[in-house]
Protein chains: 4
Amino acid sequence: MGPFRVGILGATGLVGQRLVERLASHPWFEIGVLGASERSAGRPYRETVRWRLSEDPPAEAASLTVRPCVPGEFEGCHLVFSGLDAGAAREIEPRFVEAGFAVVSNSSAFRMEPDVPIVVPEVNAAHLTILAAQRERTGGGYIVTNPNCSVTGLVLALAPLHRAFGVRRVVVATYQALSGAGLEGPRGLEIVDNVIPWIPGEEEKIELETPKILGSWEGGAIVPADVRVAAHCHRVGTLDGHLEAVSVELGRRVGPDEAIRVLREFEGETAGLGLPSSPLRPVVVRNEDDRPQPRLDRGAGGGMTVVVGRVRACPVLTLRFELLSHNTVRGAAGCTLLNAELLAVRGEFDRGIRP
Amino acid sequence: MGPFRVGILGATGLVGQRLVERLASHPWFEIGVLGASERSAGRPYRETVRWRLSEDPPAEAASLTVRPCVPGEFEGCHLVFSGLDAGAAREIEPRFVEAGFAVVSNSSAFRMEPDVPIVVPEVNAAHLTILAAQRERTGGGYIVTNPNCSVTGLVLALAPLHRAFGVRRVVVATYQALSGAGLEGPRGLEIVDNVIPWIPGEEEKIELETPKILGSWEGGAIVPADVRVAAHCHRVGTLDGHLEAVSVELGRRVGPDEAIRVLREFEGETAGLGLPSSPLRPVVVRNEDDRPQPRLDRGAGGGMTVVVGRVRACPVLTLRFELLSHNTVRGAAGCTLLNAELLAVRGEFDRGIRP
Amino acid sequence: MGPFRVGILGATGLVGQRLVERLASHPWFEIGVLGASERSAGRPYRETVRWRLSEDPPAEAASLTVRPCVPGEFEGCHLVFSGLDAGAAREIEPRFVEAGFAVVSNSSAFRMEPDVPIVVPEVNAAHLTILAAQRERTGGGYIVTNPNCSVTGLVLALAPLHRAFGVRRVVVATYQALSGAGLEGPRGLEIVDNVIPWIPGEEEKIELETPKILGSWEGGAIVPADVRVAAHCHRVGTLDGHLEAVSVELGRRVGPDEAIRVLREFEGETAGLGLPSSPLRPVVVRNEDDRPQPRLDRGAGGGMTVVVGRVRACPVLTLRFELLSHNTVRGAAGCTLLNAELLAVRGEFDRGIRP
Amino acid sequence: MGPFRVGILGATGLVGQRLVERLASHPWFEIGVLGASERSAGRPYRETVRWRLSEDPPAEAASLTVRPCVPGEFEGCHLVFSGLDAGAAREIEPRFVEAGFAVVSNSSAFRMEPDVPIVVPEVNAAHLTILAAQRERTGGGYIVTNPNCSVTGLVLALAPLHRAFGVRRVVVATYQALSGAGLEGPRGLEIVDNVIPWIPGEEEKIELETPKILGSWEGGAIVPADVRVAAHCHRVGTLDGHLEAVSVELGRRVGPDEAIRVLREFEGETAGLGLPSSPLRPVVVRNEDDRPQPRLDRGAGGGMTVVVGRVRACPVLTLRFELLSHNTVRGAAGCTLLNAELLAVRGEFDRGIRP
């Protein structure tokens with residue numbers, strides 16, 4: 001497959017850094033252009049990025065000159081990844097679509113547009129069918145998004161339960177890592193010995209994106225699932241890994257053992273496709289009383305596996321459990337990349353791409 | 001009132017330390033005897049305690065010789081406070097009851113006994129009526145308990161809602177501080193950059209104690225309220241202050257404004273009693289989006305006020321909100337002390353106490 | 001004494017907040033004007049301050065309208081405190097001096113000017129004699145500064161040793177709290193599970209300010225002491241309290257016991273003056289092996305006492321020890337306030353102050 | 001080379017876990033026996049270990065039955081690694097020596113014995129010559145140790161300076177990670193928002209081991225270098241990576257550039273030996289003002305490279321700088337393993353080993 005030449009919008013942000021890291025050794029994609037704000041443009045990537053990951057930036061990327069995020073600078077790219085924040089994405093991504101690019105985006109800016117799918121490949125690869133309609137509207141370019149970082153893990157755990165039993169109502173409380181707030185997140189003074197019980201816009205995203213992703217493809221449209229979600233979002237002082245405590249009401253009484261079996265058997269819609277970023281298993285269930293824990297479990301499956309634990313009966317709804325997913329890998333850059341791999345095997349980069 | 005001479009069982013533990021700190025300047029009580037394990041007995045308190053609070057132990061307590069926790073060592077005390085852990089309490093507290101002592105306990109050992117009340121004075125002072133029955137059974141001594149540290153804040157916020165609207169179902173996720181685990185809590189290596197999604201026995205306590213405390217006094221017995229509770233308990237890396245994210249189903253549709261008004265008007269059953277440890281207000285409601293926060297709000301009302309925030313509609317149940325209470329003050333030593341003050345004004349230390 | 005009406009420059013910053021907190025109940029001073037940046041001016045203090053201390057702002061201050069930092073807005077103030085950062089102070093403080101104000105400043109902007117004293121009252125109150133020269137130069141107004149937050153504790157511990165034995169060389173490594181960086185300090189993502197081995201400008205300040213403060217008053221000038229200092233500055237993830245590990249070369253061999261005696265006997269030049277912010281003792285020495293610790297000891301003497309521990313022989317220089325001081329109290333607002341109290345008893349607010 | 005069958009004493013401790021992790025994929029060594037305390041013996045490793053690393057234990061090790069630490073259980077091993085704490089090592093290691101084993105130990109128990117070398121291969125491989133004397137004393141078995149976790153990084157940075165210029169005096173302040181204290185380290189309650197300025201025995205180890213390792217091989221004995229060291233040891237709330245702030249006096253005036261060149265050119269005594277655990281470079285020097293930082297730099301060279309930064313003149317001694325080394329890798333298990341690899345290429349496992 002490929003090789004495909006890719007660009008990255010927002011390459012100096014935290015999601016951009018994860019994309020650069022993961023693309024460095026990718027078998028199908030190679031980085032062609034790194035784009036960032038005007039302030040960074042014109043300087044080598046290594047000098048302008050505030051690199052927060054534990055290794056230095058990969059050598060090839062480090063020496064690239066950063067470009068401004070305008071389509072003309074990305075000539076020759078088969079696709080662009082977007083790690084832009086919502087405000088910038090709202091302005092910049094449409095210009096790339098208009099110029100005919102495939103935009104594989106982590107941004108929230110266009111997720112709720114009717115013809116823009118929010119894709120978690122294992123869960124709703126079928127929603128990509130909507131791209132035909134989107135491309136017709138735009139004239140060729142298109143946007144595919146992945147969900148908010150706290151939604152990806154949630155829908156991966158809910159999807160098998162939804163298929164098997166029907167998910168009706170969800171109450172979820174989150175324990176979200178600092179990296180989820182990007183480079184401009186809370187000050188140390190605000191988060192040491194503290195929890196912040198609010199993340200602007202996050203609860204709304206969980207409550208809206210979850211039904212859309214679990215929705216069906218009917219009559220040429222994505223029809224949101226009839227799932228009501230109540231989210232309580234919190235920032236805690238962990239570095240990576242969003243932990244979520246979930247109570248769920250299912251379509252019928254289901255015991256923990258039955259649910260665990262369904263979760264363990266879940267393979268998802270990407271089974272057999274050979275996508276390089278696919279983990280061995282999208283969901284694993286641990287048996288220990290005190291797992292998953294962010295520091296111990298966020299690396300499961302290279303950060304792409306959702307770890308579920310403490311599956312037990314809920315006295316109020318049907319079941320309750322914990323889940324953990326790596327927010328900048330599975331919940332952001334890793335999922336963006338997996339989406340691009342899925343698009344690649346479906347041939348979506350072969351038609352109508354800029355030269 | 002008083003002065004009453006008091007003893008402390010488990011004086012070297014974290015709850016014991018808070019009791020010693022708060023009793024040092026108490027207008028009604030004076031410390032007579034400090035009791036701890038055999039290992040500590042015979043040495044001055046200052047030498048045997050691993051003092052974890054920010055000031056040194058009060059001078060008068062520091063020089064007391066620690067005694068073993070046997071009734072004979074507590075002669076002359078009007079009452080004993082117990083900060084023992086459950087295992088020790090199960091053995092030791094009954095010996096003091098048998099010897100005729102009033103035991104005002106923070107321990108979970110006997111909370112669920114039918115004739116032992118779990119008291120939060122503002123919420124269910126009326127449950128103390130059961131003491132007559134208990135004293136008849138024991139021959140004079142008795143145990144009064146306060147709830148688990150994560151329950152006290154919860155029932156203080158639920159009580160006014162329960163009276164006004166009826167609370168039917170509760171889903172609560174906790175963000176509990178390290179001090180809640182006492183001196184033998186998680187290692188730094190286990191909790192830095194981490195969250196532990198399990199606290200042994202804690203969810204069961206929340207689910208059982210809450211209905212008992214919100215229960216009514218009918219036909220000579222405490223009748224638990226018909227409230228179903230689902231708890232998700234987590235240890236986070238804060239030092240003090242349990243934060244809880246709550247979704248609650250009420251007896252009818254109630255909007256946030258109406259709920260906030262009821263919470264703000266709540267005075268509780270101790271209004272006008274002049275108890276020294278009573279805060280100005282048992283519950284305050286903050287308007288900011290991002291409060292309560294453990295580090296900023298745990299000191300409210302000297303640690304005795306529960307801070308509520310983010311009261312808003314719940315898409316799954318009726319309402320949702322955040323609450324914070326100081327776990328070793330309001331949730332432990334402060335509530336134990338408030339219980340003793342309430343007993344004092346009711347004259348419960350005047351009848352049948354050991355000389 | 002007083003009452004004196006005071007203004008605060010930089011009232012919304014972290015040092016400004018501490019000043020507001022401590023002035024709320026001060027017996028001599030009352031807050032007249034709160035000054036901050038143009039962005040904040042015109043709004044009530046409670047709405048514009050990002051209050052980071054554990055209680056809400058004092059009610060009287062909270063309702064004041066914030067003013068811009070121009071002298072005309074501070075009419076009627078006997079003095080102004082400055083909690084400005086260095087850049088702003090460099091521009092703003094001279095305007096107040098020119099307008100005839102006494103400026104009692106925490107800022108580093110003018111500390112190294114020959115006729116501006118850096119004062120820690122217990123150590124070098126005598127340096128205030130230089131004010132006559134400064135006032136002559138300016139026409140009446142003047143600036144008095146306190147040291148950098150990591151210097152105040154250091155000179156309080158070194159001063160008695162310097163007087164008794166002569167301090168020649170100092171190697172000091174710091175463990176500095178997040179609050180020392182103000183509201184714009186390191187992000188949580190940068191400091192959790194991390195140490196930052198550099199604080200811009202800090203080592204230079206320690207190395208220059210220490211000899212000046214320990215210097216003598218000779219021939220109408222402050223003559224820096226002949227003390228060479230090597231500082232290694234680090235930001236760690238504590239909230240308050242700068243810990244410092246010190247090796248010191250003295251003028252002769254001195255054993256730990258002799259040094260401890262000298263430290264314990266130190267009363268300082270403020271003894272008997274009755275300054276409200278003076279702690280009972282400026283320096284205390286603890287005997288435990290593992291003290292001082294930031295969280296346990298930063299509150300000593302209301303945050304105004306320096307806690308020394310682990311005094312022992314140094315295999316390379318003469319002695320080594322640990323010291324801790326509360327960086328935003330003793331190391332900033334508390335020392336600024338103590339300086340103002342010292343000026344007040346010396347009558348420095350009575351001559352030539354603006355009406 | 002090999003394969004050599006190895007045993008691990010203390011396999012369930014934190015150093016033991018790192019050994020198990022690193023041996024899982026080692027080209028020369030294969031785990032034969034896992035030894036731990038009587039309490040753990042007889043159970044599968046996966047059930048008895050409190051695994052604290054981020055992945056699960058390697059599958060092959062996980063299923064091994066843990067054995068008691070007696071020589072009879074380790075028949076057929078070419079060597080044993082020891083991750084025992086000092087107390088246990090003092091009793092157990094001599095029994096293995098007596099039984100003829102090569103003991104490659106991380107323990108401090110016998111480091112200061114005259115005929116037991118403390119080896120950091122790049123620095124003092126030549127000290128292994130003493131083994132002939134030791135084996136003569138014991139009859140065949142022997143102990144080789146690596147230094148204390150805070151010494152390894154220090155001597156790797158000092159060694160090239162010592163060779164080039166002579167190191168005379170060292171003042172070092174440490175910022176040591178929680179994993180350095182093993183599984184029984186400080187509680188979260190003790191270390192969150194805190195620094196502990198004392199690690200029992202640590203300063204003494206730094207001050208004694210450093211001169212021995214930098215010492216010369218003369219007249220059939222290890223002659224300690226004439227280097228005086230003053231250490232200030234502190235535990236901070238990082239998970240892994242010991243940071244050290246060092247002031248050093250050299251034999252002559254040396255500028256930062258000259259020192260940096262010498263550090264960068266250092267290859268060490270293992271160059272060209274092809275040891276699998278050798279990092280590409282034993283020491284790297286970073287140019288940024290604010291590096292090394294524990295979280296960003298501890299993984300350098302797979303945890304085996306020491307990262308130096310901020311090399312600059314010292315106003316008191318000659319030079320000062322920061323260094324960081326991964327305490328459980330370079331400072332413990334990784335160095336132990338490197339020692340074993342060095343012994344392997346020298347043929348030390350071929351003579352006189354138990355069958």
# chains A, B, ... in the order shown; residues from 1 in each chain; ligands from 1

call {"tool": "interface_residues", "arguments": {"of": "chain C", "to": "chain A", "cutoff": "10 Å", "atoms": "only C-alpha atoms", "output": "PyMOL selection string"}}
result
chain C and resi 52+177-193+236-240

call {"tool": "residues_around", "arguments": {"residues": "Glu38 of chain C", "least_positions_apart": "3", "cutoff": "12 Å", "atoms": "only C-alpha atoms", "output": "list in words"}}
result
Leu9, Gly10, Thr12, Gly35, Ala41, Gly42, Arg43, Thr48, Val66, Arg67, Pro68, Cys69, Val70 and Ala88 of chain C

call {"tool": "write_last_selection", "arguments": {"atoms": "C-alpha atoms", "output": "PDB file, in the first residue's frame"}}
result
ATOM      1  CA  LEU C   9       0.600  47.731  42.398  1.00  0.00           C
ATOM      2  CA  GLY C  10       0.089  44.390  40.690  1.00  0.00           C
ATOM      3  CA  THR C  12      -4.035  40.537  40.816  1.00  0.00           C
ATOM      4  CA  GLY C  35      -3.854  48.638  40.965  1.00  0.00           C
ATOM      5  CA  ALA C  41      -8.812  48.208  35.493  1.00  0.00           C
ATOM      6  CA  GLY C  42     -12.385  49.350  35.960  1.00  0.00           C
ATOM      7  CA  ARG C  43     -13.717  46.012  37.154  1.00  0.00           C
ATOM      8  CA  THR C  48     -10.765  40.218  37.573  1.00  0.00           C
ATOM      9  CA  VAL C  66      -9.313  47.913  40.217  1.00  0.00           C
ATOM     10  CA  ARG C  67      -7.382  50.968  39.043  1.00  0.00           C
ATOM     11  CA  PRO C  68      -4.607  51.388  36.478  1.00  0.00           C
ATOM     12  CA  CYS C  69      -1.101  51.689  37.956  1.00  0.00           C
ATOM     13  CA  VAL C  70      -0.641  55.429  37.547  1.00  0.00           C
ATOM     14  CA  ALA C  88       6.350  46.282  34.575  1.00  0.00           C
TER      15      ALA C  88
END

call {"tool": "select_by_dssp", "arguments": {"residues": "segment 249-331 of chain B", "states": "alpha helix (DSSP H)", "output": "MDAnalysis selection string"}}
result
chainID B and resid 256:265 294:297

call {"tool": "atom_distance", "arguments": {"atom1": "atom CA of Val311 of chain A", "atom2": "atom CA of Ser150 of chain A"}}
result
19.0 Å

call {"tool": "residues_around", "arguments": {"residues": "Pro44 of chain B", "least_positions_apart": "6", "cutoff": "8 Å", "atoms": "only C-alpha atoms", "output": "ChimeraX atom specification"}}
result
/B:62-66

call {"tool": "write_last_selection", "arguments": {"atoms": "C-alpha atoms", "output": "PDB file, in the first residue's frame"}}
result
ATOM      1  CA  ALA B  62       2.373  15.909  72.799  1.00  0.00           C
ATOM      2  CA  SER B  63       3.588  15.243  76.311  1.00  0.00           C
ATOM      3  CA  LEU B  64       0.887  12.743  77.298  1.00  0.00           C
ATOM      4  CA  THR B  65       1.961   9.147  77.723  1.00  0.00           C
ATOM      5  CA  VAL B  66       0.126   6.920  75.275  1.00  0.00           C
TER       6      VAL B  66
END

call {"tool": "residues_around", "arguments": {"residues": "segment 98-110 of chain B", "least_positions_apart": "4", "cutoff": "8 Å", "atoms": "only C-alpha atoms", "output": "ChimeraX atom specification"}}
result
/B:71,78-87,89-90,93-94,116,138-148,332-333,336,339-340,349,352-354

call {"tool": "closest_atom_pairs", "arguments": {"of": "segment 216-287 of chain B", "to": "segment 221-233 of chain A", "cutoff": "9 Å", "atoms": "only C-alpha atoms", "output": "Markdown table"}}
result
| residue | atom | partner | partner_atom | distance |
| --- | --- | --- | --- | --- |
| B:Ala245 | CA | A:His232 | CA | 6.5 |
| B:Val246 | CA | A:His232 | CA | 8.3 |
| B:Ser247 | CA | A:Ala230 | CA | 8.3 |

call {"tool": "select_by_dssp", "arguments": {"residues": "segment 117-182 of chain C", "states": "strand (DSSP E or B)", "output": "short mmCIF file (atom, residue, chain, number, x, y, z; two decimals) with C-alpha atoms, in the first residue's frame"}}
result
data_model
loop_
_atom_site.label_atom_id
_atom_site.label_comp_id
_atom_site.auth_asym_id
_atom_site.auth_seq_id
_atom_site.Cartn_x
_atom_site.Cartn_y
_atom_site.Cartn_z
CA ILE C 118 17.38 45.09 49.72
CA TYR C 142 11.94 56.17 47.34
CA ILE C 143 12.05 52.43 46.76
CA VAL C 144 12.76 49.79 49.38
CA THR C 145 12.97 46.22 48.15
CA VAL C 167 30.69 33.22 55.68
CA ARG C 168 33.13 32.91 52.78
CA ARG C 169 31.66 30.56 50.22
CA VAL C 170 28.25 29.01 49.66
CA VAL C 171 27.02 26.27 47.35
CA VAL C 172 23.23 26.09 47.34
CA ALA C 173 20.86 23.83 45.41
CA THR C 174 17.18 24.78 45.45
CA TYR C 175 13.90 22.89 45.35
CA GLN C 176 11.53 25.72 44.47
#

call {"tool": "decode", "arguments": {"residues": "segment 43-66 of chain A", "atoms": "N, CA, C and O atoms", "output": "CSV table (one decimal), in the first residue's frame"}}
result
chain,number,residue,atom,x,y,z
A,43,ARG,N,11.0,28.1,9.9
A,43,ARG,CA,12.1,27.6,10.8
A,43,ARG,C,12.1,26.1,10.8
A,43,ARG,O,11.0,25.5,10.5
A,44,PRO,N,13.2,25.5,11.0
A,44,PRO,CA,13.2,24.0,11.1
A,44,PRO,C,12.3,23.5,12.2
A,44,PRO,O,12.2,24.2,13.3
A,45,TYR,N,11.7,22.4,12.0
A,45,TYR,CA,10.7,21.9,13.0
A,45,TYR,C,11.4,21.7,14.4
A,45,TYR,O,10.8,22.1,15.4
A,46,ARG,N,12.6,21.2,14.4
A,46,ARG,CA,13.2,21.0,15.7
A,46,ARG,C,13.4,22.3,16.5
A,46,ARG,O,13.4,22.2,17.7
A,47,GLU,N,13.5,23.4,15.8
A,47,GLU,CA,13.7,24.7,16.6
A,47,GLU,C,12.4,25.3,17.0
A,47,GLU,O,12.3,26.1,18.0
A,48,THR,N,11.3,25.0,16.3
A,48,THR,CA,10.1,25.7,16.6
A,48,THR,C,9.1,24.9,17.5
A,48,THR,O,8.3,25.4,18.2
A,49,VAL,N,9.3,23.6,17.5
A,49,VAL,CA,8.4,22.7,18.3
A,49,VAL,C,8.8,22.7,19.8
A,49,VAL,O,10.0,22.6,20.1
A,50,ARG,N,7.9,22.8,20.7
A,50,ARG,CA,8.2,22.5,22.1
A,50,ARG,C,7.9,21.1,22.3
A,50,ARG,O,6.8,20.7,22.8
A,51,TRP,N,8.8,20.2,22.0
A,51,TRP,CA,8.6,18.8,22.0
A,51,TRP,C,8.4,18.3,23.4
A,51,TRP,O,9.2,18.5,24.3
A,52,ARG,N,7.3,17.6,23.6
A,52,ARG,CA,6.9,17.1,25.0
A,52,ARG,C,7.0,15.6,25.1
A,52,ARG,O,6.7,15.1,26.2
A,53,LEU,N,7.3,14.9,24.1
A,53,LEU,CA,7.4,13.4,24.2
A,53,LEU,C,8.7,13.1,24.7
A,53,LEU,O,9.7,13.9,24.7
A,54,SER,N,8.9,11.8,25.1
A,54,SER,CA,10.1,11.5,25.8
A,54,SER,C,11.4,11.4,24.9
A,54,SER,O,12.5,11.6,25.4
A,55,GLU,N,11.2,11.1,23.7
A,55,GLU,CA,12.4,11.1,22.8
A,55,GLU,C,12.4,12.4,22.0
A,55,GLU,O,11.4,13.1,22.0
A,56,ASP,N,13.5,12.7,21.5
A,56,ASP,CA,13.6,13.8,20.6
A,56,ASP,C,12.8,13.6,19.3
A,56,ASP,O,12.5,12.4,19.0
A,57,PRO,N,12.4,14.6,18.6
A,57,PRO,CA,11.7,14.4,17.3
A,57,PRO,C,12.5,13.5,16.4
A,57,PRO,O,13.8,13.6,16.4
A,58,PRO,N,11.9,12.7,15.6
A,58,PRO,CA,12.6,11.9,14.6
A,58,PRO,C,13.4,12.8,13.7
A,58,PRO,O,13.0,13.9,13.3
A,59,ALA,N,14.6,12.3,13.3
A,59,ALA,CA,15.6,13.1,12.6
A,59,ALA,C,15.1,13.7,11.3
A,59,ALA,O,15.3,14.9,11.0
A,60,GLU,N,14.3,12.9,10.5
A,60,GLU,CA,13.9,13.4,9.2
A,60,GLU,C,12.9,14.5,9.4
A,60,GLU,O,13.0,15.5,8.7
A,61,ALA,N,12.0,14.4,10.4
A,61,ALA,CA,11.0,15.4,10.6
A,61,ALA,C,11.7,16.7,11.2
A,61,ALA,O,11.4,17.8,10.9
A,62,ALA,N,12.7,16.4,12.1
A,62,ALA,CA,13.3,17.5,12.8
A,62,ALA,C,13.9,18.6,11.9
A,62,ALA,O,13.9,19.8,12.2
A,63,SER,N,14.4,18.1,10.7
A,63,SER,CA,15.1,19.0,9.9
A,63,SER,C,14.2,19.7,8.8
A,63,SER,O,14.6,20.6,8.1
A,64,LEU,N,12.9,19.3,8.7
A,64,LEU,CA,12.0,19.9,7.8
A,64,LEU,C,11.8,21.3,8.2
A,64,LEU,O,11.6,21.7,9.3
A,65,THR,N,11.6,22.2,7.1
A,65,THR,CA,11.2,23.6,7.4
A,65,THR,C,9.7,23.6,7.5
A,65,THR,O,9.0,23.1,6.7
A,66,VAL,N,9.2,24.2,8.6
A,66,VAL,CA,7.8,24.3,8.8
A,66,VAL,C,7.2,25.3,7.8
A,66,VAL,O,7.8,26.4,7.5
